[in-house]
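A.B. asks: File my_file24.tsv follows (TSV, C-alpha atoms):
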chain	number	residue	atom	x	y	z
A	1486	MET	CA	78.25	85.16	108.51
A	1487	PRO	CA	76.74	88.59	107.80
A	1488	TYR	CA	74.97	89.03	104.48
A	1489	ILE	CA	73.04	91.88	102.93
A	1490	ASN	CA	70.80	91.79	99.88
A	1491	VAL	CA	72.08	94.14	97.19
A	1492	ARG	CA	70.01	94.35	94.01
A	1493	GLY	CA	68.54	90.96	94.86
A	1494	VAL	CA	71.87	89.20	95.38
A	1495	GLU	CA	73.14	88.16	98.81
A	1496	HIS	CA	76.51	89.83	99.45
A	1497	TYR	CA	78.89	88.85	102.22
A	1498	TYR	CA	80.37	91.76	104.17
A	1499	GLU	CA	82.24	92.50	107.38
A	1500	TRP	CA	83.14	95.54	109.44
A	1501	ILE	CA	86.59	95.99	110.93
A	1502	ARG	CA	86.47	98.65	113.62
A	1503	ASN	CA	88.50	99.66	116.62
A	1504	ARG	CA	86.13	98.57	119.38
A	1505	SER	CA	87.78	100.73	122.02
A	1506	ASP	CA	86.93	103.92	120.13
A	1507	THR	CA	83.31	105.09	120.20
A	1508	LYS	CA	83.80	108.09	117.89
A	1509	ASN	CA	82.15	108.24	114.51
A	1510	LYS	CA	84.88	107.71	111.94
A	1511	PRO	CA	84.95	108.03	108.18
A	1512	VAL	CA	84.28	104.78	106.30
A	1513	MET	CA	86.81	103.12	104.04
A	1514	VAL	CA	85.37	100.48	101.73
A	1515	PHE	CA	87.66	97.78	100.31
A	1516	ILE	CA	87.22	96.11	96.91
A	1517	HIS	CA	89.06	92.92	95.96
A	1518	GLY	CA	90.19	91.69	92.55
A	1519	TRP	CA	89.20	88.92	90.16
A	1520	ALA	CA	88.43	85.51	91.69
A	1521	GLY	CA	89.43	86.76	95.14
A	1522	SER	CA	87.54	87.88	98.23
A	1523	CYS	CA	87.76	90.57	100.85
A	1524	ARG	CA	89.81	88.21	103.03
A	1525	TYR	CA	93.11	89.50	101.70
A	1526	TRP	CA	92.26	93.06	102.72
A	1527	GLN	CA	91.79	92.21	106.40
A	1528	GLY	CA	95.37	92.95	107.50
A	1529	ILE	CA	95.39	96.42	105.92
A	1530	ALA	CA	91.91	97.14	107.27
A	1531	HIS	CA	92.97	96.23	110.81
A	1532	ALA	CA	96.00	98.51	110.47
A	1533	LEU	CA	93.79	101.42	109.37
A	1534	SER	CA	90.99	100.81	111.87
A	1535	GLU	CA	92.37	103.44	114.25
A	1536	GLN	CA	91.45	106.04	111.66
A	1537	PHE	CA	88.56	104.42	109.75
A	1538	ASP	CA	85.58	102.15	110.12
A	1539	CYS	CA	86.57	99.62	107.47
A	1540	LEU	CA	83.85	97.97	105.39
A	1541	LEU	CA	84.87	94.89	103.41
A	1542	TYR	CA	82.67	92.89	101.05
A	1543	ASP	CA	82.84	90.16	98.43
A	1544	LEU	CA	81.89	91.17	94.89
A	1545	ARG	CA	78.85	89.57	93.29
A	1546	GLY	CA	79.77	86.02	92.30
A	1547	PHE	CA	83.05	85.92	94.21
A	1548	GLY	CA	84.15	84.77	97.63
A	1549	ARG	CA	81.14	84.17	99.84
A	1550	SER	CA	78.76	86.38	97.87
A	1551	TYR	CA	76.14	84.75	95.71
A	1552	GLY	CA	76.44	84.82	91.95
A	1553	GLN	CA	72.75	84.70	91.16
A	1554	PRO	CA	69.60	86.51	92.33
A	1555	THR	CA	67.67	84.90	95.16
A	1556	VAL	CA	64.31	85.47	93.47
A	1557	ALA	CA	62.74	84.20	90.28
A	1558	LYS	CA	62.25	86.30	87.19
A	1559	ALA	CA	58.78	87.70	86.57
A	1560	SER	CA	57.16	87.66	83.16
A	1561	GLU	CA	57.04	90.80	81.02
A	1562	SER	CA	53.28	91.14	81.56
A	1563	VAL	CA	53.83	91.10	85.31
A	1564	VAL	CA	56.62	93.66	85.01
A	1565	GLU	CA	54.26	96.13	83.39
A	1566	SER	CA	51.77	95.86	86.24
A	1567	ILE	CA	54.07	96.38	89.23
A	1568	GLU	CA	55.30	99.55	90.83
A	1569	LEU	CA	58.91	100.58	90.28
A	1570	GLU	CA	59.97	100.45	93.94
A	1571	SER	CA	58.24	97.18	94.83
A	1572	PRO	CA	60.25	94.07	95.79
A	1573	LEU	CA	59.04	92.34	92.64
A	1574	ALA	CA	60.18	95.24	90.47
A	1575	GLU	CA	63.59	94.98	92.11
A	1576	SER	CA	63.69	91.26	91.37
A	1577	VAL	CA	62.95	91.92	87.70
A	1578	ALA	CA	65.69	94.52	87.48
A	1579	ILE	CA	68.08	92.02	89.02
A	1580	GLN	CA	67.66	89.68	86.08
A	1581	GLU	CA	69.20	92.33	83.88
A	1582	LEU	CA	72.46	92.44	85.84
A	1583	THR	CA	75.50	91.73	83.72
A	1584	TYR	CA	79.18	91.22	84.43
A	1585	GLU	CA	80.17	94.59	83.01
A	1586	LEU	CA	82.41	96.44	85.44
A	1587	GLU	CA	79.99	99.39	85.36
A	1588	GLU	CA	77.37	97.08	86.87
A	1589	TYR	CA	79.74	96.26	89.71
A	1590	ALA	CA	80.22	99.99	90.29
A	1591	ASP	CA	76.44	100.32	90.55
A	1592	ASP	CA	76.42	97.34	92.93
A	1593	LEU	CA	78.74	99.32	95.20
A	1594	ALA	CA	76.44	102.35	95.14
A	1595	ALA	CA	73.48	100.16	96.10
A	1596	PHE	CA	75.59	98.43	98.76
A	1597	LEU	CA	76.45	101.77	100.40
A	1598	ASP	CA	72.81	102.84	100.18
A	1599	LYS	CA	71.83	99.78	102.20
A	1600	PHE	CA	74.04	101.04	105.03
A	1601	GLN	CA	72.96	104.66	104.47
A	1602	ILE	CA	76.58	105.66	103.87
A	1603	GLN	CA	76.82	108.80	101.79
A	1604	ARG	CA	80.57	109.31	101.46
A	1605	VAL	CA	83.56	106.95	101.65
A	1606	TYR	CA	87.23	106.47	101.10
A	1607	ILE	CA	87.98	103.60	98.71
A	1608	ALA	CA	90.81	101.07	98.67
A	1609	ALA	CA	90.66	98.73	95.68
A	1610	HIS	CA	92.86	96.19	93.93
A	1611	SER	CA	93.32	94.91	90.37
A	1612	MET	CA	89.90	94.36	88.74
A	1613	GLY	CA	88.42	95.94	91.85
A	1614	ALA	CA	90.48	99.05	91.13
A	1615	SER	CA	88.87	99.30	87.68
A	1616	ILE	CA	85.47	99.03	89.36
A	1617	ALA	CA	86.53	101.72	91.84
A	1618	THR	CA	87.65	104.03	89.02
A	1619	LEU	CA	84.25	103.69	87.36
A	1620	PHE	CA	82.54	104.31	90.71
A	1621	VAL	CA	84.67	107.42	91.37
A	1622	ASN	CA	83.65	108.92	88.05
A	1623	ARG	CA	79.98	108.02	88.29
A	1624	TYR	CA	79.52	108.82	91.97
A	1625	SER	CA	82.29	111.35	92.62
A	1626	GLN	CA	80.18	113.15	95.23
A	1627	ARG	CA	80.35	110.00	97.35
A	1628	VAL	CA	84.16	109.63	97.38
A	1629	GLU	CA	86.66	111.45	99.58
A	1630	ARG	CA	89.84	109.82	98.30
A	1631	ALA	CA	90.70	106.67	96.38
A	1632	ILE	CA	93.58	104.22	96.65
A	1633	LEU	CA	93.99	102.02	93.57
A	1634	THR	CA	96.43	99.13	93.78
A	1635	CYS	CA	97.80	97.31	90.73
A	1636	SER	CA	95.73	99.08	88.12
A	1637	GLY	CA	96.56	100.75	84.83
A	1638	ILE	CA	95.81	101.09	81.14
A	1639	PHE	CA	96.66	98.66	78.36
A	1640	GLU	CA	96.58	98.61	74.58
A	1641	TYR	CA	94.25	96.31	72.68
A	1642	ASP	CA	95.94	93.35	71.03
A	1643	GLU	CA	93.41	91.12	69.30
A	1644	LYS	CA	95.67	88.07	69.12
A	1645	ALA	CA	96.82	88.33	72.74
A	1646	PHE	CA	93.30	89.01	74.03
A	1647	THR	CA	91.83	86.07	72.12
A	1648	ALA	CA	94.49	83.76	73.52
A	1649	PHE	CA	93.92	85.14	77.03
A	1650	HIS	CA	90.16	84.59	76.81
A	1651	LYS	CA	90.64	81.05	75.52
A	1652	PHE	CA	93.09	80.19	78.28
A	1653	GLY	CA	90.98	81.97	80.89
A	1654	GLY	CA	87.89	80.04	79.85
A	1655	TYR	CA	89.75	76.77	80.26
A	1656	VAL	CA	91.10	77.78	83.68
A	1657	VAL	CA	87.65	78.79	84.93
A	1658	LYS	CA	86.06	75.59	83.62
A	1659	PHE	CA	88.66	73.22	85.04
A	1660	ARG	CA	88.60	73.91	88.79
A	1661	PRO	CA	88.15	70.59	90.60
A	1662	LYS	CA	87.69	71.00	94.34
A	1663	TRP	CA	90.30	68.30	94.99
A	1664	LEU	CA	92.95	70.63	93.57
A	1665	GLU	CA	93.50	72.27	96.96
A	1666	LYS	CA	94.44	68.91	98.48
A	1667	ILE	CA	97.53	68.56	96.30
A	1668	PRO	CA	100.70	69.37	98.29
A	1669	PHE	CA	102.25	72.76	97.47
A	1670	VAL	CA	99.62	73.55	94.83
A	1671	ASP	CA	98.86	76.84	96.59
A	1672	ARG	CA	102.51	77.83	96.16
A	1673	MET	CA	102.39	77.01	92.44
A	1674	PHE	CA	99.05	78.77	92.05
A	1675	MET	CA	100.35	82.02	93.54
A	1676	ALA	CA	103.82	81.96	91.95
A	1677	ARG	CA	102.86	84.22	89.04
A	1678	PHE	CA	101.27	86.80	91.35
A	1679	LEU	CA	104.06	87.22	93.90
A	1680	HIS	CA	107.65	88.38	94.11
A	1681	CYS	CA	107.96	87.93	97.89
A	1682	SER	CA	106.51	85.04	99.85
A	1683	ILE	CA	103.33	85.37	101.89
A	1684	PRO	CA	102.07	83.06	104.66
A	1685	ALA	CA	100.80	79.65	103.57
A	1686	ALA	CA	97.36	80.36	105.06
A	1687	GLU	CA	96.97	83.36	102.76
A	1688	ARG	CA	98.07	81.37	99.72
A	1689	ARG	CA	95.51	78.67	100.55
A	1690	ALA	CA	92.78	81.28	100.98
A	1691	PHE	CA	93.51	82.62	97.48
A	1692	LEU	CA	93.26	79.13	96.01
A	1693	GLN	CA	90.00	78.45	97.87
A	1694	ASP	CA	88.48	81.72	96.65
A	1695	PHE	CA	89.44	80.87	93.08
A	1696	LEU	CA	87.87	77.43	93.34
A	1697	ILE	CA	84.54	78.69	94.73
A	1698	ALA	CA	84.09	81.68	92.41
A	1699	ASP	CA	80.80	81.55	90.49
A	1700	TYR	CA	81.43	80.22	86.97
A	1701	ASN	CA	79.43	82.90	85.15
A	1702	ALA	CA	80.91	85.75	87.19
A	1703	ALA	CA	84.48	84.50	86.82
A	1704	LEU	CA	84.16	83.94	83.08
A	1705	GLY	CA	82.05	87.03	82.43
A	1706	THR	CA	84.47	89.41	84.12
A	1707	ILE	CA	87.40	87.96	82.18
A	1708	PHE	CA	85.70	89.11	79.00
A	1709	THR	CA	84.58	92.50	80.31
A	1710	SER	CA	87.75	93.54	82.13
A	1711	VAL	CA	90.19	92.45	79.41
A	1712	SER	CA	88.58	93.59	76.19
A	1713	LYS	CA	88.81	96.08	73.36
A	1714	ALA	CA	86.06	98.13	75.01
A	1715	ALA	CA	87.95	98.23	78.33
A	1716	ALA	CA	91.21	99.16	76.58
A	1717	GLU	CA	89.45	102.11	74.97
A	1718	LEU	CA	87.42	103.10	78.03
A	1719	MET	CA	89.91	103.02	80.88
A	1720	PRO	CA	92.29	105.75	79.60
A	1721	GLN	CA	89.25	108.03	79.37
A	1722	GLU	CA	88.17	107.05	82.88
A	1723	PHE	CA	91.60	107.79	84.36
A	1724	ALA	CA	91.66	111.16	82.60
A	1725	ARG	CA	88.22	112.01	84.07
A	1726	ILE	CA	89.07	111.39	87.74
A	1727	ARG	CA	88.40	114.48	89.86
A	1728	VAL	CA	89.02	112.91	93.26
A	1729	ALA	CA	92.47	112.76	94.86
A	1730	THR	CA	93.75	109.30	94.01
A	1731	LEU	CA	96.83	107.23	94.86
A	1732	LEU	CA	97.82	104.52	92.37
A	1733	ILE	CA	100.21	101.91	93.79
A	1734	SER	CA	102.00	99.37	91.60
A	1735	GLY	CA	104.31	96.48	92.39
A	1736	GLU	CA	107.74	96.67	90.74
A	1737	HIS	CA	107.63	93.09	89.45
A	1738	ASP	CA	103.91	92.76	88.72
A	1739	LYS	CA	103.42	90.44	85.73
A	1740	ILE	CA	99.63	90.75	85.72
A	1741	ILE	CA	99.39	94.55	85.49
A	1742	PRO	CA	102.96	95.81	85.02
A	1743	ALA	CA	103.96	98.95	86.89
A	1744	GLU	CA	104.44	100.81	83.61
A	1745	MET	CA	100.71	100.46	82.93
A	1746	GLY	CA	100.04	102.15	86.25
A	1747	ARG	CA	102.56	104.89	85.53
A	1748	GLN	CA	100.91	105.58	82.16
A	1749	ALA	CA	97.46	105.77	83.76
A	1750	ALA	CA	98.63	108.21	86.44
A	1751	ALA	CA	100.31	110.40	83.80
A	1752	LEU	CA	96.89	111.11	82.28
A	1753	ASN	CA	95.67	113.07	85.31
A	1754	ASP	CA	97.31	115.36	87.87
A	1755	LYS	CA	94.77	114.15	90.44
A	1756	VAL	CA	96.44	110.73	90.38
A	1757	GLU	CA	99.66	110.20	92.34
A	1758	PHE	CA	101.77	107.21	91.33
A	1759	VAL	CA	103.92	105.07	93.63
A	1760	MET	CA	105.84	101.89	92.80
A	1761	ILE	CA	106.79	99.59	95.67
A	1762	PRO	CA	110.11	97.78	95.06
A	1763	ASN	CA	110.45	94.02	95.36
A	1764	THR	CA	106.72	93.34	95.17
A	1765	ALA	CA	104.44	92.06	92.44
A	1766	HIS	CA	100.64	91.86	92.18
A	1767	PHE	CA	99.93	91.98	95.93
A	1768	PRO	CA	102.15	94.71	97.41
A	1769	MET	CA	99.77	95.11	100.35
A	1770	LEU	CA	100.66	91.56	101.40
A	1771	GLU	CA	104.24	91.30	100.16
A	1772	ASP	CA	105.39	94.49	101.89
A	1773	ALA	CA	102.59	95.72	104.12
A	1774	ALA	CA	104.79	98.16	106.03
A	1775	THR	CA	105.85	100.09	102.92
A	1776	TYR	CA	102.35	99.91	101.48
A	1777	LEU	CA	100.84	101.38	104.66
A	1778	LYS	CA	103.50	104.08	104.78
A	1779	TRP	CA	102.49	105.39	101.35
A	1780	VAL	CA	98.78	105.04	102.10
A	1781	ARG	CA	99.04	106.94	105.38
A	1782	GLU	CA	101.09	109.71	103.79
A	1783	PHE	CA	98.50	110.07	101.05
A	1784	LEU	CA	95.58	110.11	103.50
A	1785	GLN	CA	97.33	112.68	105.69
A	1786	LYS	CA	97.31	115.13	102.77
A	1787	GLY	CA	93.55	115.19	102.94
A	1788	VAL	CA	93.36	116.08	106.63
Produce structure tokens that represent the structure in this file.

C.D. replies:
Amino acid sequence: MPYINVRGVEHYYEWIRNRSDTKNKPVMVFIHGWAGSCRYWQGIAHALSEQFDCLLYDLRGFGRSYGQPTVAKASESVVESIELESPLAESVAIQELTYELEEYADDLAAFLDKFQIQRVYIAAHSMGASIATLFVNRYSQRVERAILTCSGIFEYDEKAFTAFHKFGGYVVKFRPKWLEKIPFVDRMFMARFLHCSIPAAERRAFLQDFLIADYNAALGTIFTSVSKAAAELMPQEFARIRVATLLISGEHDKIIPAEMGRQAAALNDKVEFVMIPNTAHFPMLEDAATYLKWVREFLQKGV
């Protein structure tokens, strides 16, 4: 499996290209959501590979990417004596990585630097869409257009957030590997996320990704992505977007309701909102044909 070291952490990645076409194409990078992996983007990437070289990767601590640095931390006295660009200096900086979504946006910038890619299109989902929004605003010169799926803004509710964090902590802690061997557990696991059925192999892949997610990354991003700070920050981030953006919501999404997406898009005339009927949190899987129709129409506007 292909890996690349990004800020000291081994990241899994894959290219999906049309092998019969030798032309240089623009790059579209795909970002998955919480406790997932880039696997669920493969179908959409294959469909768009006529137009783009598609770059998929697993976020730090999720899927097949490592959760921790591959080097040991140096002491403070050593830090003072090493040059900024040395491998050891990089390893020290790595130790300061957090699970803030801004850090994941910086991970993406470093990831693209490794491939010497200056400018990209972005397709991102759920928590990945929040990361993409932060990336768009911090590195706008590197983004042609952005497609955000199942994203939005939410109001802070201390009681609800506390309960969510408590439940989320329990869910992350209790993930026995034998869970995937229970008949139909993948169907039960995905029930809250879907309105339409998806193939059993895809449901099992979601469950497997959830079970192998790094504990610290899974728990840390629960607290950073659903927080008072995020509730205050994200409306500002949506209002700041200066890159043409398509925000797609699923009509029956219980995780990030479509109304949250509509409210986010209303903050900025650069953001176009689309709701796909009869889908929930994974419209790109539940109704790929309609999803691709809207994506292609949006991309055509930039030609």

A.B. asks: Sorted by chain and rising residue number, which residues of stretch 1605-1680 of chain A lie within 12 Å of stretch 1765-1775 of chain A, and what are their closest atom pairs and distances in Å to one decimal, counting all atoms listed in the file, as CSV?

C.D. replies:
residue,atom,partner,partner_atom,distance
A:Ala1608,CA,A:Met1769,CA,10.9
A:Ala1609,CA,A:Met1769,CA,10.9
A:His1610,CA,A:Phe1767,CA,8.5
A:Ser1611,CA,A:His1766,CA,8.1
A:Met1612,CA,A:His1766,CA,11.6
A:Ile1632,CA,A:Met1769,CA,11.6
A:Leu1633,CA,A:Met1769,CA,11.3
A:Thr1634,CA,A:Pro1768,CA,8.1
A:Cys1635,CA,A:His1766,CA,6.3
A:Ser1636,CA,A:His1766,CA,9.6
A:Met1675,CA,A:His1766,CA,9.9
A:Ala1676,CA,A:Ala1765,CA,10.1
A:Arg1677,CA,A:His1766,CA,8.6
A:Phe1678,CA,A:His1766,CA,5.2
A:Leu1679,CA,A:Ala1765,CA,5.1
A:His1680,CA,A:Ala1765,CA,5.2

A.B. asks: Quick one: axis-aligned box around all listed atoms of stretch 1772-1784 of chain A, 8 Å on every side, centre and edge lengths in Å to one decimal, written as AutoDock Vina command-line options.

C.D. replies:
--center_x 100.7 --center_y 102.3 --center_z 103.5 --size_x 26.3 --size_y 31.6 --size_z 21.0

A.B. asks: Starting from the point (79.7, 95.9, 110.7), work out which residues of protein, DNA or RNA have an atom no more than 10 Å away when counting all atoms listed in the file; state them as a list in words.

C.D. replies: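 Using all atoms listed in the file, the matching residues come out as Pro1487, Tyr1498, Glu1499, Trp1500, Ile1501, Arg1502, Asp1538, Cys1539, Leu1540, Leu1541 and Phe1600 of chain A.
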
A.B. asks: Restricting the calculation to all atoms listed in the file: of A:Ala1631, A:Ile1638, A:Ala1690, A:Ala1685, which residue gets closest to A:Met1745?

C.D. replies: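 For A:Met1745, the nearest of the candidates is A:Ile1638.
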
A.B. asks: Quick one: distance from atom CA of A:Ala1645 to atom CA of A:Pro1742 in Å, one decimal?

C.D. replies: 15.6 Å

A.B. asks: What lies within 6 Å of stretch 1750-1757 of chain A using all atoms listed in the file, ignoring chain neighbours under 3 positions off, as a ChimeraX atom specification?

C.D. replies: /A:1724,1729-1732,1747

A.B. asks: Write out as a list in words each polymer residue whose atoms come within 7 Å of stretch 1616-1630 of chain A, counting all atoms listed in the file; drop sequence neighbours fewer than 5 positions from it.

C.D. replies: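 Using all atoms listed in the file, the neighbours found are Leu1586, Glu1587, Tyr1589, Ala1590, Gln1603, Arg1604, Val1605, Tyr1606, Ile1607, Ala1609, Glu1722, Arg1725, Ile1726, Val1728, Ala1729 and Thr1730 of chain A.
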
A.B. asks: Convert the current residue selection to file output with C-alpha atoms, as a PDB file, in the coordinates of the input.

C.D. replies:
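Once written, result.pdb looks like this:
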ATOM      1  CA  LEU A1586      82.410  96.440  85.440  1.00  0.00           C
ATOM      2  CA  GLU A1587      79.990  99.390  85.360  1.00  0.00           C
ATOM      3  CA  TYR A1589      79.740  96.260  89.710  1.00  0.00           C
ATOM      4  CA  ALA A1590      80.220  99.990  90.290  1.00  0.00           C
ATOM      5  CA  GLN A1603      76.820 108.800 101.790  1.00  0.00           C
ATOM      6  CA  ARG A1604      80.570 109.310 101.460  1.00  0.00           C
ATOM      7  CA  VAL A1605      83.560 106.950 101.650  1.00  0.00           C
ATOM      8  CA  TYR A1606      87.230 106.470 101.100  1.00  0.00           C
ATOM      9  CA  ILE A1607      87.980 103.600  98.710  1.00  0.00           C
ATOM     10  CA  ALA A1609      90.660  98.730  95.680  1.00  0.00           C
ATOM     11  CA  GLU A1722      88.170 107.050  82.880  1.00  0.00           C
ATOM     12  CA  ARG A1725      88.220 112.010  84.070  1.00  0.00           C
ATOM     13  CA  ILE A1726      89.070 111.390  87.740  1.00  0.00           C
ATOM     14  CA  VAL A1728      89.020 112.910  93.260  1.00  0.00           C
ATOM     15  CA  ALA A1729      92.470 112.760  94.860  1.00  0.00           C
ATOM     16  CA  THR A1730      93.750 109.300  94.010  1.00  0.00           C
TER      17      THR A1730
END

A.B. asks: Could you check how far atom CA of A:Ala1532 sits from atom CA of A:Leu1696, in Å to one decimal?

C.D. replies: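 About the pair atom CA of A:Ala1532 and atom CA of A:Leu1696: they are 28.4 Å apart.
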
A.B. asks: Please rebuild stretch 1521-1542 of chain A with N, CA and C atoms and return the result as a PDB file, in the coordinates of the input.

C.D. replies:
ATOM      1  N   GLY A1521      88.983  86.684  93.753  1.00  0.00           N
ATOM      2  CA  GLY A1521      89.430  86.760  95.140  1.00  0.00           C
ATOM      3  C   GLY A1521      88.267  86.996  96.072  1.00  0.00           C
ATOM      4  N   SER A1522      88.565  87.493  97.255  1.00  0.00           N
ATOM      5  CA  SER A1522      87.540  87.880  98.230  1.00  0.00           C
ATOM      6  C   SER A1522      88.126  88.958  99.114  1.00  0.00           C
ATOM      7  N   CYS A1523      87.290  89.497  99.975  1.00  0.00           N
ATOM      8  CA  CYS A1523      87.760  90.570 100.850  1.00  0.00           C
ATOM      9  C   CYS A1523      88.727  90.063 101.918  1.00  0.00           C
ATOM     10  N   ARG A1524      88.930  88.753 101.990  1.00  0.00           N
ATOM     11  CA  ARG A1524      89.810  88.210 103.030  1.00  0.00           C
ATOM     12  C   ARG A1524      91.211  88.812 102.973  1.00  0.00           C
ATOM     13  N   TYR A1525      91.725  89.043 101.768  1.00  0.00           N
ATOM     14  CA  TYR A1525      93.110  89.500 101.700  1.00  0.00           C
ATOM     15  C   TYR A1525      93.279  90.970 102.068  1.00  0.00           C
ATOM     16  N   TRP A1526      92.175  91.674 102.270  1.00  0.00           N
ATOM     17  CA  TRP A1526      92.260  93.060 102.720  1.00  0.00           C
ATOM     18  C   TRP A1526      92.230  93.190 104.244  1.00  0.00           C
ATOM     19  N   GLN A1527      92.012  92.116 104.957  1.00  0.00           N
ATOM     20  CA  GLN A1527      91.790  92.210 106.400  1.00  0.00           C
ATOM     21  C   GLN A1527      92.972  92.816 107.160  1.00  0.00           C
ATOM     22  N   GLY A1528      94.188  92.429 106.805  1.00  0.00           N
ATOM     23  CA  GLY A1528      95.370  92.950 107.500  1.00  0.00           C
ATOM     24  C   GLY A1528      95.494  94.464 107.357  1.00  0.00           C
ATOM     25  N   ILE A1529      95.314  94.977 106.153  1.00  0.00           N
ATOM     26  CA  ILE A1529      95.390  96.420 105.920  1.00  0.00           C
ATOM     27  C   ILE A1529      94.246  97.124 106.638  1.00  0.00           C
ATOM     28  N   ALA A1530      93.061  96.533 106.598  1.00  0.00           N
ATOM     29  CA  ALA A1530      91.910  97.140 107.270  1.00  0.00           C
ATOM     30  C   ALA A1530      92.140  97.235 108.773  1.00  0.00           C
ATOM     31  N   HIS A1531      92.669  96.189 109.370  1.00  0.00           N
ATOM     32  CA  HIS A1531      92.970  96.230 110.810  1.00  0.00           C
ATOM     33  C   HIS A1531      93.976  97.338 111.117  1.00  0.00           C
ATOM     34  N   ALA A1532      94.972  97.484 110.245  1.00  0.00           N
ATOM     35  CA  ALA A1532      96.000  98.510 110.470  1.00  0.00           C
ATOM     36  C   ALA A1532      95.436  99.923 110.366  1.00  0.00           C
ATOM     37  N   LEU A1533      94.384 100.099 109.563  1.00  0.00           N
ATOM     38  CA  LEU A1533      93.790 101.420 109.370  1.00  0.00           C
ATOM     39  C   LEU A1533      92.574 101.677 110.255  1.00  0.00           C
ATOM     40  N   SER A1534      92.219 100.696 111.086  1.00  0.00           N
ATOM     41  CA  SER A1534      90.990 100.810 111.870  1.00  0.00           C
ATOM     42  C   SER A1534      91.064 101.847 112.994  1.00  0.00           C
ATOM     43  N   GLU A1535      92.258 102.335 113.296  1.00  0.00           N
ATOM     44  CA  GLU A1535      92.370 103.440 114.250  1.00  0.00           C
ATOM     45  C   GLU A1535      91.774 104.716 113.658  1.00  0.00           C
ATOM     46  N   GLN A1536      91.874 104.826 112.346  1.00  0.00           N
ATOM     47  CA  GLN A1536      91.450 106.040 111.660  1.00  0.00           C
ATOM     48  C   GLN A1536      90.107 105.897 110.945  1.00  0.00           C
ATOM     49  N   PHE A1537      89.763 104.654 110.549  1.00  0.00           N
ATOM     50  CA  PHE A1537      88.560 104.420 109.750  1.00  0.00           C
ATOM     51  C   PHE A1537      87.729 103.272 110.301  1.00  0.00           C
ATOM     52  N   ASP A1538      86.428 103.331 110.038  1.00  0.00           N
ATOM     53  CA  ASP A1538      85.580 102.150 110.120  1.00  0.00           C
ATOM     54  C   ASP A1538      85.701 101.484 108.760  1.00  0.00           C
ATOM     55  N   CYS A1539      86.242 100.277 108.737  1.00  0.00           N
ATOM     56  CA  CYS A1539      86.570  99.620 107.470  1.00  0.00           C
ATOM     57  C   CYS A1539      85.471  98.628 107.080  1.00  0.00           C
ATOM     58  N   LEU A1540      84.938  98.795 105.890  1.00  0.00           N
ATOM     59  CA  LEU A1540      83.850  97.970 105.390  1.00  0.00           C
ATOM     60  C   LEU A1540      84.380  97.120 104.226  1.00  0.00           C
ATOM     61  N   LEU A1541      84.373  95.819 104.410  1.00  0.00           N
ATOM     62  CA  LEU A1541      84.870  94.890 103.410  1.00  0.00           C
ATOM     63  C   LEU A1541      83.706  94.066 102.886  1.00  0.00           C
ATOM     64  N   TYR A1542      83.730  93.738 101.595  1.00  0.00           N
ATOM     65  CA  TYR A1542      82.670  92.890 101.050  1.00  0.00           C
ATOM     66  C   TYR A1542      83.202  92.074  99.873  1.00  0.00           C
TER      67      TYR A1542
END
